[in-house]
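Report on the structure given below.
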Amino acid sequence: MDEPARPRRMAPVPSEPPAGPTAEELMVRVAKGDERAFELLYDQFAGPIYGLVRRIVRDAAQSEEVAQEVLVELWRTATRYAPDKGSALNWAMTLAHRRAVDRVRSARASTEREQKATFEAARGRPFDEVAESVTARLERSQVRRCLSFLTDLQRESVLLAYYQGYTYREVAEVLSTPQGTIKTRLRDGLIRLRDCLGVTA
């Protein structure tokens with residue numbers, strides 16, 4: 001008679017690895033100066049903090065800088081964290097939001113100070129100098145167009161006298177032309193330029 005089959009021994013079910021400490025537990029340990037706990041907390045929080053800061057600050061390099069500042073602040077102020085007031089992540093994200101907003105405000109204020117300084121510097125300059133710097137860019141293309149309406153001789157004289165700084169005598173020497181003729185060309189050329197540009201006397 002056959003022997004009854006022996007019941008198979010069931011393999012032991014592997015137990016779940018013990019869960020790591022929570023962020024709240026890590027914060028308590030960090031508050032006591034536990035550097036290993038801070039490393040673990042850093043790994044958990046660095047990504048979410050950077051993501052929040054990047055959405056507010058926009059600039060990648062500045063966002064990294066602000067995120068690092070927040071993480072350092074977590075290390076330094078961990079003793080202020082109260083577990084009964086909310087999760088450790090929410091507390092960290094609140095710090096991150098505050099720092100990011102401060103950075104944006106600081107950058108905006110810096111830009112406004114620079115603009116104000118530029119404006120004040122412009123106010124201190126003579127009117128003609130300010131007007132010249134503003135209108136030069138606007139009128140350059142129009143002047144080029146109007147120069148094309150001059151005769152070749154007029155244009156050559158005007159360019160030498162007013163754009164290269166030559167005197168009447170030097171223009172006359174360069175063009176091998178009497179000074180009286182040069183003065184006439186310049187006068188007629190400037191009248192044409194004035195009319196083309198719509199300048200009234």
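Residues are referred to by chain and number: the chain letter is A, B, ... according to the order shown in the structure tokens, the number counts from 1 in that chain, and ligands are numbered separately from 1 in the order shown.
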
Tell me, as a list in words, which residues lie within 10 Å of Trp91 of chain A, counting only C-alpha atoms; anything in the same chain fewer than 6 positions away does not count. Leu74, Tyr81, Ala82, Pro83 and Lys85 of chain A

Residues from the last selection, all heavy atoms, saved as a tab-separated table (two decimals), in the first residue's frame:
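Printed below is again12.tsv as written:
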chain	number	residue	atom	x	y	z
A	74	LEU	N	16.54	74.72	5.70
A	74	LEU	CA	15.91	73.58	6.38
A	74	LEU	C	16.86	73.02	7.43
A	74	LEU	O	16.45	72.68	8.55
A	74	LEU	CB	15.55	72.49	5.37
A	74	LEU	CG	14.29	72.69	4.54
A	74	LEU	CD1	14.12	71.52	3.58
A	74	LEU	CD2	13.06	72.81	5.43
A	81	TYR	N	10.47	73.43	13.15
A	81	TYR	CA	9.40	72.62	12.58
A	81	TYR	C	8.59	71.96	13.69
A	81	TYR	O	9.15	71.33	14.58
A	81	TYR	CB	9.97	71.55	11.65
A	81	TYR	CG	8.95	70.52	11.24
A	81	TYR	CD1	7.86	70.89	10.45
A	81	TYR	CD2	9.05	69.21	11.67
A	81	TYR	CE1	6.90	69.95	10.10
A	81	TYR	CE2	8.11	68.26	11.32
A	81	TYR	CZ	7.03	68.63	10.54
A	81	TYR	OH	6.08	67.70	10.20
A	82	ALA	N	7.28	72.11	13.59
A	82	ALA	CA	6.37	71.48	14.57
A	82	ALA	C	5.51	70.47	13.84
A	82	ALA	O	4.65	70.84	13.03
A	82	ALA	CB	5.50	72.55	15.22
A	83	PRO	N	5.71	69.17	14.10
A	83	PRO	CA	4.96	68.12	13.40
A	83	PRO	C	3.45	68.28	13.50
A	83	PRO	O	2.72	67.91	12.57
A	83	PRO	CB	5.42	66.82	14.09
A	83	PRO	CG	6.77	67.16	14.64
A	83	PRO	CD	6.69	68.61	15.03
A	85	LYS	N	1.80	70.90	13.27
A	85	LYS	CA	1.31	72.01	12.44
A	85	LYS	C	1.17	71.63	10.97
A	85	LYS	O	0.73	72.43	10.15
A	85	LYS	CB	2.28	73.20	12.56
A	85	LYS	CG	2.41	73.76	13.96
A	85	LYS	CD	1.26	74.69	14.27
A	85	LYS	CE	1.41	75.29	15.66
A	85	LYS	NZ	2.52	76.23	15.79

Surrounding residues of Asn90 of chain A excluding itself and chain neighbours under 2 positions, 12 Å, only C-alpha atoms, as a PyMOL selection string: chain A and resi 23-24+45+48-49+52+81-83+85-88+92-97

How many Å separate atom CA of Leu71 of chain A from atom CA of Asp34 of chain A?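 Result for atom CA of Leu71 of chain A versus atom CA of Asp34 of chain A: 14.6 Å, one decimal.
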
So that I can see what lies close to Glu65 of chain A, please list as a PyMOL selection string the residues with an atom at most 12 Å from it, counting only C-alpha atoms and leaving out residues fewer than 5 positions away in the same chain. chain A and resi 46+49-50+53-54+57+59-60+70-72+96+99-100+103

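Omitting Leu150 of chain A and its sequence neighbours fewer than 2 positions away, and counting only C-alpha atoms, the residues within 9 Å are Cys146, Leu147, Ser148, Asp152, Leu153, Gln154, Arg155, Asp188, Gly189, Arg192 and Leu193 of chain A.
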
Got time to write the residues from that selection, N, CA, C and O atoms, as a CSV table (one decimal), in the first residue's frame?
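File out25.csv, as written:
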chain,number,residue,atom,x,y,z
A,146,CYS,N,17.4,110.3,-48.0
A,146,CYS,CA,17.4,111.6,-48.5
A,146,CYS,C,18.8,111.9,-49.2
A,146,CYS,O,18.8,112.7,-50.2
A,147,LEU,N,19.9,111.4,-48.7
A,147,LEU,CA,21.2,111.6,-49.4
A,147,LEU,C,21.1,111.1,-50.8
A,147,LEU,O,21.8,111.6,-51.7
A,148,SER,N,20.3,110.1,-51.1
A,148,SER,CA,20.3,109.5,-52.4
A,148,SER,C,19.6,110.5,-53.4
A,148,SER,O,19.8,110.4,-54.6
A,152,ASP,N,25.7,113.6,-57.2
A,152,ASP,CA,26.9,112.9,-56.7
A,152,ASP,C,27.9,113.9,-56.1
A,152,ASP,O,28.5,113.6,-55.1
A,153,LEU,N,28.0,115.1,-56.7
A,153,LEU,CA,28.9,116.1,-56.2
A,153,LEU,C,28.5,116.7,-54.9
A,153,LEU,O,29.3,116.9,-53.9
A,154,GLN,N,27.2,116.9,-54.7
A,154,GLN,CA,26.6,117.4,-53.5
A,154,GLN,C,26.8,116.4,-52.4
A,154,GLN,O,27.2,116.7,-51.3
A,155,ARG,N,26.4,115.1,-52.7
A,155,ARG,CA,26.5,114.1,-51.7
A,155,ARG,C,27.9,113.9,-51.2
A,155,ARG,O,28.2,113.7,-50.0
A,188,ASP,N,23.5,124.0,-51.2
A,188,ASP,CA,22.4,123.4,-52.0
A,188,ASP,C,22.1,122.0,-51.6
A,188,ASP,O,20.9,121.6,-51.5
A,189,GLY,N,23.1,121.3,-51.2
A,189,GLY,CA,22.9,119.9,-50.7
A,189,GLY,C,22.1,119.9,-49.4
A,189,GLY,O,21.2,119.1,-49.2
A,192,ARG,N,18.4,120.7,-49.9
A,192,ARG,CA,17.7,119.5,-50.4
A,192,ARG,C,17.5,118.5,-49.2
A,192,ARG,O,16.4,118.0,-49.1
A,193,LEU,N,18.5,118.3,-48.4
A,193,LEU,CA,18.3,117.4,-47.3
A,193,LEU,C,17.2,117.9,-46.3
A,193,LEU,O,16.4,117.2,-45.9

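Of the listed residues A:Glu173, A:Glu35, A:Glu156, A:Glu64, the one whose atoms come nearest to Gly47 of chain A is A:Glu64, with distances taken using only C-alpha atoms.
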
If you measure from atom CA of Ala172 of chain A to atom CA of Leu190 of chain A, what distance in Å do you get, rounded to one decimal?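 Atom CA of Ala172 of chain A sits 16.9 Å away from atom CA of Leu190 of chain A.
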
Judged by only C-alpha atoms, the minimum distance to Lys32 of chain A among A:Ser110, A:Gln164, A:Thr79, A:Ser176 is found for A:Thr79

Could you name the residues that touch Ser157 of chain A at 8 Å or less, counting only C-alpha atoms, but leaving out those on the same chain fewer than 3 positions away, as JSON, numbers by chain? {"A": [153, 154, 160, 161, 171, 182, 185, 186]}

Would you mind reading off the distance between atom CA of Gln44 of chain A and atom CA of Arg29 of chain A, one decimal, in Å?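 The value is 14.9 Å.
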